[in-house]
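Structure file model31.txt with compact mmCIF, N, CA and C atoms:
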# COMPACT_ATOMS: atom_id res chain seq x y z
N MET H 1 -57.73 38.08 297.79
CA MET H 1 -57.52 38.06 296.35
C MET H 1 -56.54 36.92 296.03
N ASN H 2 -56.91 36.11 295.09
CA ASN H 2 -56.04 34.98 294.76
C ASN H 2 -54.92 35.39 293.80
N ALA H 3 -53.99 34.50 293.58
CA ALA H 3 -52.81 34.78 292.76
C ALA H 3 -53.19 35.12 291.32
N TYR H 4 -54.22 34.47 290.79
CA TYR H 4 -54.65 34.74 289.42
C TYR H 4 -55.14 36.18 289.28
N GLN H 5 -55.95 36.64 290.21
CA GLN H 5 -56.48 38.00 290.17
C GLN H 5 -55.35 39.03 290.32
N GLN H 6 -54.38 38.74 291.19
CA GLN H 6 -53.24 39.65 291.36
C GLN H 6 -52.43 39.74 290.07
N LEU H 7 -52.21 38.61 289.43
CA LEU H 7 -51.46 38.59 288.18
C LEU H 7 -52.22 39.34 287.09
N LYS H 8 -53.52 39.17 287.03
CA LYS H 8 -54.35 39.86 286.04
C LYS H 8 -54.30 41.38 286.27
N GLN H 9 -54.40 41.83 287.51
CA GLN H 9 -54.32 43.25 287.82
C GLN H 9 -52.95 43.82 287.45
N ARG H 10 -51.91 43.05 287.74
CA ARG H 10 -50.55 43.49 287.41
C ARG H 10 -50.38 43.65 285.91
N LYS H 11 -50.91 42.70 285.14
CA LYS H 11 -50.83 42.76 283.68
C LYS H 11 -51.58 43.98 283.15
N GLN H 12 -52.76 44.26 283.67
CA GLN H 12 -53.53 45.42 283.25
C GLN H 12 -52.80 46.72 283.57
N SER H 13 -52.16 46.77 284.73
CA SER H 13 -51.40 47.95 285.13
C SER H 13 -50.22 48.18 284.18
N ILE H 14 -49.52 47.13 283.84
CA ILE H 14 -48.38 47.24 282.92
C ILE H 14 -48.85 47.70 281.54
N LEU H 15 -49.92 47.13 281.04
CA LEU H 15 -50.44 47.53 279.72
C LEU H 15 -50.91 48.98 279.72
N LYS H 16 -51.53 49.41 280.80
CA LYS H 16 -51.99 50.79 280.90
C LYS H 16 -50.80 51.75 280.89
N ASN H 17 -49.76 51.45 281.67
CA ASN H 17 -48.57 52.30 281.70
C ASN H 17 -47.86 52.31 280.36
N ARG H 18 -47.79 51.20 279.70
CA ARG H 18 -47.14 51.12 278.39
C ARG H 18 -47.89 51.97 277.36
N ALA H 19 -49.20 51.99 277.43
CA ALA H 19 -50.01 52.78 276.49
C ALA H 19 -49.82 54.28 276.72
N GLN H 20 -49.55 54.67 277.97
CA GLN H 20 -49.39 56.08 278.29
C GLN H 20 -47.98 56.59 278.03
N THR H 21 -47.02 55.69 277.89
CA THR H 21 -45.63 56.07 277.70
C THR H 21 -45.32 56.24 276.22
N LYS H 22 -44.68 57.35 275.88
CA LYS H 22 -44.28 57.60 274.50
C LYS H 22 -43.06 56.75 274.17
N SER H 23 -42.98 56.30 272.94
CA SER H 23 -41.84 55.51 272.52
C SER H 23 -40.61 56.41 272.44
N PRO H 24 -39.44 55.92 272.88
CA PRO H 24 -38.23 56.74 272.78
C PRO H 24 -37.73 56.85 271.34
N ARG H 25 -38.35 56.09 270.44
CA ARG H 25 -37.95 56.13 269.03
C ARG H 25 -39.14 56.53 268.17
N LEU H 26 -38.84 57.18 267.07
CA LEU H 26 -39.85 57.60 266.11
C LEU H 26 -39.70 56.75 264.86
N ALA H 27 -40.78 56.13 264.43
CA ALA H 27 -40.76 55.31 263.22
C ALA H 27 -41.04 56.19 262.01
N ILE H 28 -40.10 56.21 261.08
CA ILE H 28 -40.25 57.01 259.87
C ILE H 28 -40.35 56.04 258.70
N ARG H 29 -41.55 55.96 258.12
CA ARG H 29 -41.79 55.04 257.01
C ARG H 29 -41.64 55.80 255.69
N ASP H 30 -40.83 55.24 254.80
CA ASP H 30 -40.60 55.87 253.51
C ASP H 30 -40.21 54.81 252.50
N SER H 31 -40.91 54.78 251.39
CA SER H 31 -40.62 53.87 250.28
C SER H 31 -40.54 52.41 250.71
N GLY H 32 -41.46 51.97 251.52
CA GLY H 32 -41.52 50.57 251.91
C GLY H 32 -40.55 50.17 253.02
N SER H 33 -39.74 51.09 253.51
CA SER H 33 -38.84 50.76 254.61
C SER H 33 -39.14 51.67 255.80
N THR H 34 -38.72 51.21 256.96
CA THR H 34 -38.92 51.99 258.18
C THR H 34 -37.58 52.27 258.83
N THR H 35 -37.35 53.54 259.14
CA THR H 35 -36.16 53.95 259.86
C THR H 35 -36.58 54.37 261.26
N TRP H 36 -35.87 53.86 262.26
CA TRP H 36 -36.17 54.23 263.65
C TRP H 36 -35.18 55.28 264.09
N VAL H 37 -35.69 56.43 264.53
CA VAL H 37 -34.85 57.53 265.00
C VAL H 37 -35.12 57.74 266.48
N VAL H 38 -34.07 57.70 267.27
CA VAL H 38 -34.20 57.96 268.71
C VAL H 38 -34.60 59.42 268.88
N GLN H 39 -35.68 59.67 269.63
CA GLN H 39 -36.22 61.02 269.75
C GLN H 39 -35.21 62.01 270.33
N SER H 40 -34.36 61.57 271.23
CA SER H 40 -33.38 62.49 271.81
C SER H 40 -32.30 62.89 270.80
N HIS H 41 -32.19 62.18 269.68
CA HIS H 41 -31.22 62.51 268.64
C HIS H 41 -31.78 63.50 267.62
N ILE H 42 -33.08 63.77 267.69
CA ILE H 42 -33.70 64.71 266.76
C ILE H 42 -33.28 66.12 267.14
N ASP H 43 -32.79 66.90 266.15
CA ASP H 43 -32.44 68.29 266.39
C ASP H 43 -33.67 69.17 266.27
N TRP H 44 -34.36 69.04 265.14
CA TRP H 44 -35.55 69.83 264.88
C TRP H 44 -36.36 69.18 263.78
N ILE H 45 -37.61 69.58 263.69
CA ILE H 45 -38.54 69.06 262.68
C ILE H 45 -39.24 70.25 262.06
N ASP H 46 -39.31 70.26 260.72
CA ASP H 46 -40.07 71.34 260.08
C ASP H 46 -41.05 70.75 259.08
N ALA H 47 -42.13 71.49 258.88
CA ALA H 47 -43.18 71.06 257.97
C ALA H 47 -42.90 71.56 256.56
N ALA H 48 -43.17 70.71 255.61
CA ALA H 48 -43.06 71.07 254.19
C ALA H 48 -44.31 70.53 253.51
N GLY H 49 -45.38 71.31 253.60
CA GLY H 49 -46.66 70.86 253.06
C GLY H 49 -47.21 69.73 253.89
N ASP H 50 -47.52 68.59 253.24
CA ASP H 50 -48.03 67.41 253.95
C ASP H 50 -46.92 66.52 254.47
N TYR H 51 -45.70 66.96 254.37
CA TYR H 51 -44.55 66.17 254.79
C TYR H 51 -43.83 66.84 255.94
N MET H 52 -43.17 66.03 256.76
CA MET H 52 -42.35 66.51 257.85
C MET H 52 -40.90 66.15 257.54
N CYS H 53 -40.02 67.11 257.76
CA CYS H 53 -38.58 66.88 257.60
C CYS H 53 -38.01 66.75 259.01
N VAL H 54 -37.58 65.54 259.34
CA VAL H 54 -37.02 65.24 260.65
C VAL H 54 -35.50 65.30 260.53
N HIS H 55 -34.89 66.28 261.21
CA HIS H 55 -33.44 66.49 261.14
C HIS H 55 -32.80 65.85 262.37
N ALA H 56 -32.03 64.78 262.15
CA ALA H 56 -31.39 64.06 263.26
C ALA H 56 -30.07 63.48 262.80
N ASN H 57 -29.08 63.56 263.66
CA ASN H 57 -27.76 62.97 263.38
C ASN H 57 -27.18 63.42 262.04
N GLY H 58 -27.42 64.66 261.67
CA GLY H 58 -26.87 65.18 260.42
C GLY H 58 -27.60 64.74 259.17
N LYS H 59 -28.71 64.02 259.32
CA LYS H 59 -29.50 63.55 258.17
C LYS H 59 -30.89 64.14 258.24
N THR H 60 -31.55 64.21 257.09
CA THR H 60 -32.94 64.66 257.03
C THR H 60 -33.79 63.49 256.57
N HIS H 61 -34.76 63.13 257.38
CA HIS H 61 -35.69 62.05 257.06
C HIS H 61 -37.03 62.67 256.72
N ILE H 62 -37.64 62.22 255.64
CA ILE H 62 -38.92 62.76 255.20
C ILE H 62 -40.03 61.76 255.56
N MET H 63 -41.08 62.27 256.13
CA MET H 63 -42.23 61.41 256.43
C MET H 63 -43.53 62.16 256.14
N ARG H 64 -44.53 61.42 255.76
CA ARG H 64 -45.84 62.02 255.48
C ARG H 64 -46.66 61.99 256.76
N SER H 65 -46.99 63.17 257.25
CA SER H 65 -47.76 63.29 258.49
C SER H 65 -48.17 64.74 258.65
N THR H 66 -49.14 64.96 259.50
CA THR H 66 -49.46 66.34 259.87
C THR H 66 -48.63 66.70 261.09
N MET H 67 -48.42 67.97 261.31
CA MET H 67 -47.65 68.43 262.47
C MET H 67 -48.34 67.98 263.76
N LYS H 68 -49.65 68.10 263.81
CA LYS H 68 -50.39 67.74 265.01
C LYS H 68 -50.26 66.25 265.32
N ALA H 69 -50.38 65.40 264.30
CA ALA H 69 -50.26 63.95 264.51
C ALA H 69 -48.85 63.58 264.96
N LEU H 70 -47.86 64.19 264.35
CA LEU H 70 -46.48 63.92 264.72
C LEU H 70 -46.19 64.39 266.14
N GLU H 71 -46.67 65.56 266.47
CA GLU H 71 -46.45 66.13 267.81
C GLU H 71 -47.01 65.21 268.89
N SER H 72 -48.12 64.54 268.62
CA SER H 72 -48.73 63.65 269.61
C SER H 72 -47.89 62.40 269.85
N GLN H 73 -47.00 62.06 268.92
CA GLN H 73 -46.14 60.88 269.07
C GLN H 73 -44.84 61.19 269.81
N LEU H 74 -44.54 62.47 269.98
CA LEU H 74 -43.25 62.88 270.50
C LEU H 74 -43.27 63.10 272.01
N ASP H 75 -42.10 62.99 272.61
CA ASP H 75 -41.92 63.26 274.03
C ASP H 75 -41.93 64.77 274.26
N ALA H 76 -42.99 65.26 274.90
CA ALA H 76 -43.15 66.70 275.10
C ALA H 76 -42.12 67.27 276.07
N GLY H 77 -41.45 66.43 276.84
CA GLY H 77 -40.42 66.91 277.73
C GLY H 77 -39.14 67.27 277.00
N THR H 78 -38.98 66.76 275.78
CA THR H 78 -37.77 67.00 275.00
C THR H 78 -38.05 67.80 273.73
N LEU H 79 -39.12 67.45 273.04
CA LEU H 79 -39.43 68.06 271.75
C LEU H 79 -40.64 68.97 271.90
N GLN H 80 -40.41 70.27 271.69
CA GLN H 80 -41.46 71.28 271.87
C GLN H 80 -41.76 72.00 270.56
N ARG H 81 -43.03 72.23 270.32
CA ARG H 81 -43.44 73.01 269.16
C ARG H 81 -43.19 74.49 269.45
N ILE H 82 -42.50 75.16 268.54
CA ILE H 82 -42.15 76.57 268.76
C ILE H 82 -42.69 77.48 267.66
N HIS H 83 -43.31 76.88 266.67
CA HIS H 83 -43.84 77.62 265.53
C HIS H 83 -44.87 76.70 264.88
N ARG H 84 -45.77 77.24 264.09
CA ARG H 84 -46.79 76.38 263.48
C ARG H 84 -46.18 75.33 262.57
N SER H 85 -44.94 75.54 262.15
CA SER H 85 -44.30 74.56 261.27
C SER H 85 -42.96 74.06 261.80
N THR H 86 -42.70 74.23 263.11
CA THR H 86 -41.41 73.81 263.65
C THR H 86 -41.54 73.20 265.05
N ILE H 87 -40.84 72.09 265.24
CA ILE H 87 -40.67 71.46 266.55
C ILE H 87 -39.17 71.40 266.78
N VAL H 88 -38.74 71.68 268.02
CA VAL H 88 -37.31 71.70 268.32
C VAL H 88 -37.01 70.85 269.55
N ASN H 89 -35.84 70.24 269.57
CA ASN H 89 -35.36 69.52 270.74
C ASN H 89 -34.79 70.57 271.70
N ILE H 90 -35.40 70.75 272.85
CA ILE H 90 -35.00 71.81 273.76
C ILE H 90 -33.60 71.59 274.33
N ASN H 91 -33.11 70.35 274.29
CA ASN H 91 -31.76 70.06 274.79
C ASN H 91 -30.69 70.41 273.77
N LYS H 92 -31.09 70.76 272.55
CA LYS H 92 -30.14 71.09 271.49
C LYS H 92 -30.05 72.59 271.25
N ILE H 93 -30.74 73.39 272.08
CA ILE H 93 -30.71 74.84 271.91
C ILE H 93 -29.41 75.38 272.50
N LYS H 94 -28.65 76.05 271.67
CA LYS H 94 -27.36 76.61 272.09
C LYS H 94 -27.56 78.02 272.65
N CYS H 95 -28.32 78.85 271.92
CA CYS H 95 -28.59 80.20 272.40
C CYS H 95 -29.88 80.72 271.78
N MET H 96 -30.40 81.78 272.37
CA MET H 96 -31.63 82.41 271.87
C MET H 96 -31.40 83.91 271.79
N GLN H 97 -32.04 84.49 270.79
CA GLN H 97 -31.89 85.92 270.57
C GLN H 97 -33.27 86.51 270.29
N ALA H 98 -33.62 87.55 271.05
CA ALA H 98 -34.90 88.22 270.86
C ALA H 98 -34.86 89.01 269.56
N HIS H 99 -36.01 89.09 268.91
CA HIS H 99 -36.14 89.86 267.68
C HIS H 99 -37.11 91.01 267.96
N ILE H 100 -37.06 92.02 267.15
CA ILE H 100 -37.82 93.25 267.39
C ILE H 100 -39.34 93.05 267.45
N ASN H 101 -39.87 92.08 266.74
CA ASN H 101 -41.33 91.92 266.68
C ASN H 101 -41.88 90.93 267.71
N GLY H 102 -41.09 90.59 268.72
CA GLY H 102 -41.56 89.68 269.76
C GLY H 102 -41.26 88.23 269.50
N GLU H 103 -40.65 87.95 268.37
CA GLU H 103 -40.24 86.59 268.07
C GLU H 103 -38.82 86.37 268.59
N TYR H 104 -38.38 85.13 268.59
CA TYR H 104 -37.02 84.79 269.01
C TYR H 104 -36.38 83.92 267.95
N PHE H 105 -35.08 84.02 267.86
CA PHE H 105 -34.31 83.13 267.00
C PHE H 105 -33.51 82.22 267.92
N LEU H 106 -33.68 80.92 267.72
CA LEU H 106 -32.97 79.94 268.52
C LEU H 106 -31.88 79.32 267.66
N THR H 107 -30.67 79.29 268.16
CA THR H 107 -29.56 78.66 267.46
C THR H 107 -29.34 77.30 268.11
N LEU H 108 -29.33 76.27 267.29
CA LEU H 108 -29.15 74.91 267.79
C LEU H 108 -27.66 74.54 267.79
N ASP H 109 -27.32 73.46 268.45
CA ASP H 109 -25.94 72.98 268.49
C ASP H 109 -25.37 72.78 267.09
N SER H 110 -26.21 72.41 266.15
CA SER H 110 -25.79 72.15 264.77
C SER H 110 -25.50 73.44 264.00
N GLY H 111 -25.88 74.60 264.58
CA GLY H 111 -25.72 75.89 263.91
C GLY H 111 -26.98 76.35 263.21
N GLN H 112 -27.96 75.48 263.09
CA GLN H 112 -29.24 75.82 262.47
C GLN H 112 -29.96 76.87 263.32
N VAL H 113 -30.55 77.87 262.68
CA VAL H 113 -31.33 78.89 263.38
C VAL H 113 -32.80 78.67 263.05
N VAL H 114 -33.63 78.57 264.09
CA VAL H 114 -35.07 78.39 263.92
C VAL H 114 -35.79 79.51 264.66
N LYS H 115 -37.03 79.76 264.26
CA LYS H 115 -37.79 80.88 264.84
C LYS H 115 -38.82 80.38 265.84
N LEU H 116 -38.85 81.04 266.99
CA LEU H 116 -39.90 80.85 267.99
C LEU H 116 -40.90 81.97 267.76
N SER H 117 -42.11 81.63 267.35
CA SER H 117 -43.09 82.67 267.02
C SER H 117 -43.78 83.20 268.28
N ARG H 118 -44.41 84.35 268.13
CA ARG H 118 -45.09 85.00 269.26
C ARG H 118 -46.17 84.10 269.86
N SER H 119 -46.88 83.35 269.02
CA SER H 119 -47.97 82.53 269.54
C SER H 119 -47.48 81.35 270.39
N TYR H 120 -46.20 81.01 270.31
CA TYR H 120 -45.63 79.94 271.13
C TYR H 120 -44.68 80.50 272.19
N LYS H 121 -44.75 81.79 272.42
CA LYS H 121 -43.87 82.47 273.37
C LYS H 121 -44.06 81.95 274.80
N HIS H 122 -45.26 81.46 275.10
CA HIS H 122 -45.53 80.93 276.43
C HIS H 122 -44.65 79.72 276.76
N LYS H 123 -44.05 79.09 275.76
CA LYS H 123 -43.18 77.94 275.98
C LYS H 123 -41.75 78.36 276.28
N LEU H 124 -41.51 79.65 276.30
CA LEU H 124 -40.17 80.18 276.52
C LEU H 124 -39.56 79.68 277.82
N ALA H 125 -40.35 79.56 278.86
CA ALA H 125 -39.84 79.13 280.16
C ALA H 125 -39.30 77.70 280.11
N LYS H 126 -39.79 76.86 279.19
CA LYS H 126 -39.33 75.48 279.08
C LYS H 126 -38.00 75.37 278.35
N LEU H 127 -37.64 76.41 277.61
CA LEU H 127 -36.42 76.37 276.82
C LEU H 127 -35.25 76.77 277.69
N LYS H 128 -34.22 75.96 277.68
CA LYS H 128 -33.05 76.23 278.53
C LYS H 128 -31.80 76.26 277.67
N PRO H 129 -31.54 77.38 277.03
CA PRO H 129 -30.36 77.44 276.17
C PRO H 129 -29.07 77.40 276.98
N LYS H 130 -28.02 76.90 276.34
CA LYS H 130 -26.71 76.84 276.98
C LYS H 130 -26.09 78.22 277.07
N GLN H 131 -26.51 79.12 276.18
CA GLN H 131 -25.99 80.49 276.17
C GLN H 131 -27.11 81.39 275.68
N GLN H 132 -27.20 82.59 276.22
CA GLN H 132 -28.23 83.52 275.78
C GLN H 132 -27.58 84.76 275.19
N VAL H 133 -28.09 85.19 274.07
CA VAL H 133 -27.56 86.37 273.40
C VAL H 133 -28.43 87.55 273.79
N GLY H 134 -27.80 88.69 274.02
CA GLY H 134 -28.59 89.89 274.31
C GLY H 134 -28.41 90.35 275.73
N GLY H 135 -27.17 90.51 276.16
CA GLY H 135 -26.94 91.06 277.48
C GLY H 135 -26.61 90.02 278.53
N GLY H 136 -26.49 88.75 278.15
CA GLY H 136 -26.13 87.72 279.10
C GLY H 136 -27.11 87.56 280.23
N LEU H 137 -28.38 87.67 279.94
CA LEU H 137 -29.41 87.58 280.96
C LEU H 137 -29.47 86.17 281.52
N ALA H 138 -29.66 86.06 282.82
CA ALA H 138 -29.63 84.76 283.49
C ALA H 138 -30.91 83.97 283.31
N ASN H 139 -32.00 84.63 283.06
CA ASN H 139 -33.30 83.98 283.01
C ASN H 139 -33.94 84.22 281.65
N PRO H 140 -34.39 83.14 280.94
CA PRO H 140 -35.01 83.34 279.63
C PRO H 140 -36.23 84.27 279.68
N GLN H 141 -36.92 84.33 280.82
CA GLN H 141 -38.08 85.21 280.94
C GLN H 141 -37.66 86.67 280.81
N GLN H 142 -36.46 87.01 281.27
CA GLN H 142 -35.99 88.39 281.23
C GLN H 142 -35.69 88.86 279.82
N ILE H 143 -35.45 87.94 278.89
CA ILE H 143 -35.11 88.31 277.53
C ILE H 143 -36.26 89.06 276.85
N THR H 144 -37.47 88.82 277.30
CA THR H 144 -38.64 89.46 276.67
C THR H 144 -38.57 90.98 276.80
N THR H 145 -37.81 91.49 277.76
CA THR H 145 -37.75 92.92 277.95
C THR H 145 -36.73 93.58 277.05
N ARG H 146 -35.90 92.82 276.39
CA ARG H 146 -34.85 93.39 275.56
C ARG H 146 -35.00 92.89 274.11
N ASN H 147 -35.18 93.79 273.21
CA ASN H 147 -35.30 93.43 271.81
C ASN H 147 -33.98 93.69 271.11
N ILE H 148 -33.58 92.77 270.27
CA ILE H 148 -32.36 92.90 269.51
C ILE H 148 -32.72 92.89 268.04
N ARG H 149 -32.30 93.89 267.33
CA ARG H 149 -32.59 93.94 265.90
C ARG H 149 -31.74 92.90 265.19
N GLY H 150 -32.40 92.11 264.35
CA GLY H 150 -31.65 91.03 263.69
C GLY H 150 -31.84 91.11 262.28
Translate the structure described by the file into structure tokens.
Amino acid sequence: MNAYQQLKQRKQSILKNRAQTKSPRLAIRDSGSTTWVVQSHIDWIDAAGDYMCVHANGKTHIMRSTMKALESQLDAGTLQRIHRSTIVNINKIKCMQAHINGEYFLTLDSGQVVKLSRSYKHKLAKLKPKQQVGGGLANPQQITTRNIRG
């Protein structure tokens, strides 16, 4: 294989990897301007009709998008969907509390409380809160056995 072919293969490999890698920043376009938000700085995202409210660094950024389209742009290792209208940064979860109907309330570092619905309960193992409410259980999986009235 000559040098040209090696260089061409290397370029194709780089382009393929770049296409598969999610951007560490989220582009939020609003009123003709674009704000770049680092994904790891996002606390949580909630849906408000056809708009998404991106809560990061103490500010709320509004963008027009569907939850599904936005979710596909995000790093799934950090930002997880926990409700049909909520995405949360799993590194910002301070504690979780089980609720009587099988749902959970997650408290974020900012003090915001968001709901993990039953249909997204399978993602519970990915959530690693800094503190757990409800008996000081060591494993988030064990919390499912204890309901706390809230």
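For the pair atom N of H:Tyr120 and atom C of H:Val88, the interatomic distance is 13.7 Å.
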- Task: Write out as a PyMOL selection string the residues lying within 5 Å of H:Asp50, counting only N, CA and C atoms and excluding same-chain residues fewer than 2 positions away.
- Result: chain H and resi 48+52+64-65
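Separating atom N of H:Asn89 from atom CA of H:Thr34 is a distance of 21.7 Å.
Atom to atom, atom C of H:His99 and atom CA of H:Ile42 stand 26.5 Å apart.
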- Choose the residue, out of H:Asp46, H:Thr107, H:Ala56, H:Lys121, that has the smallest atom-to-atom separation from H:Thr86; count only N, CA and C atoms. H:Asp46
- Query: Contacts of H:Arg84 at 8 Å or less, counting only N, CA and C atoms, minus same-chain residues fewer than 2 places along, as number ranges by chain?
  - Reply: H: 46-47, 67, 81-82, 86-87, 115-117, 119-120
- Where in stretch 4-131 of chain H does DSSP assign strand (DSSP E), given as number ranges by chain? H: 25-30, 33-38, 42-48, 51-56, 59-64, 79-83, 86-89, 93-98, 104-108, 113-116, 131
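Nearest to H:Asn91 of all the residues H:Asp109, H:Leu124, H:Val54, H:Tyr104 is H:Asp109, based on only N, CA and C atoms.
Remark: for H:Ser40, the closest of the candidate residues H:Gly77, H:Leu7, H:Gln12, H:Cys53 is H:Gly77 (distances computed over only C-alpha atoms).
Proximity to H:Ser110 at 8 Å, evaluated using all atoms listed in the file and with sequence-adjacent residues fewer than 5 positions away removed, yields Asp43, Lys92, Ile93 and Lys94 of chain H.
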- Note on the structure: Across H:Leu79, H:Cys95, H:Tyr51, H:Met63, the smallest distance to H:Gly32, with only C-alpha atoms counted, is shown by H:Met63
- Message: When DSSP is applied to the backbone of this structure, which of stretch 9-115 of chain H are assigned helix (DSSP H, G or I)? Write them out as a PyMOL selection string.
- Response: chain H and resi 9-20+39-41+67-73+90-92
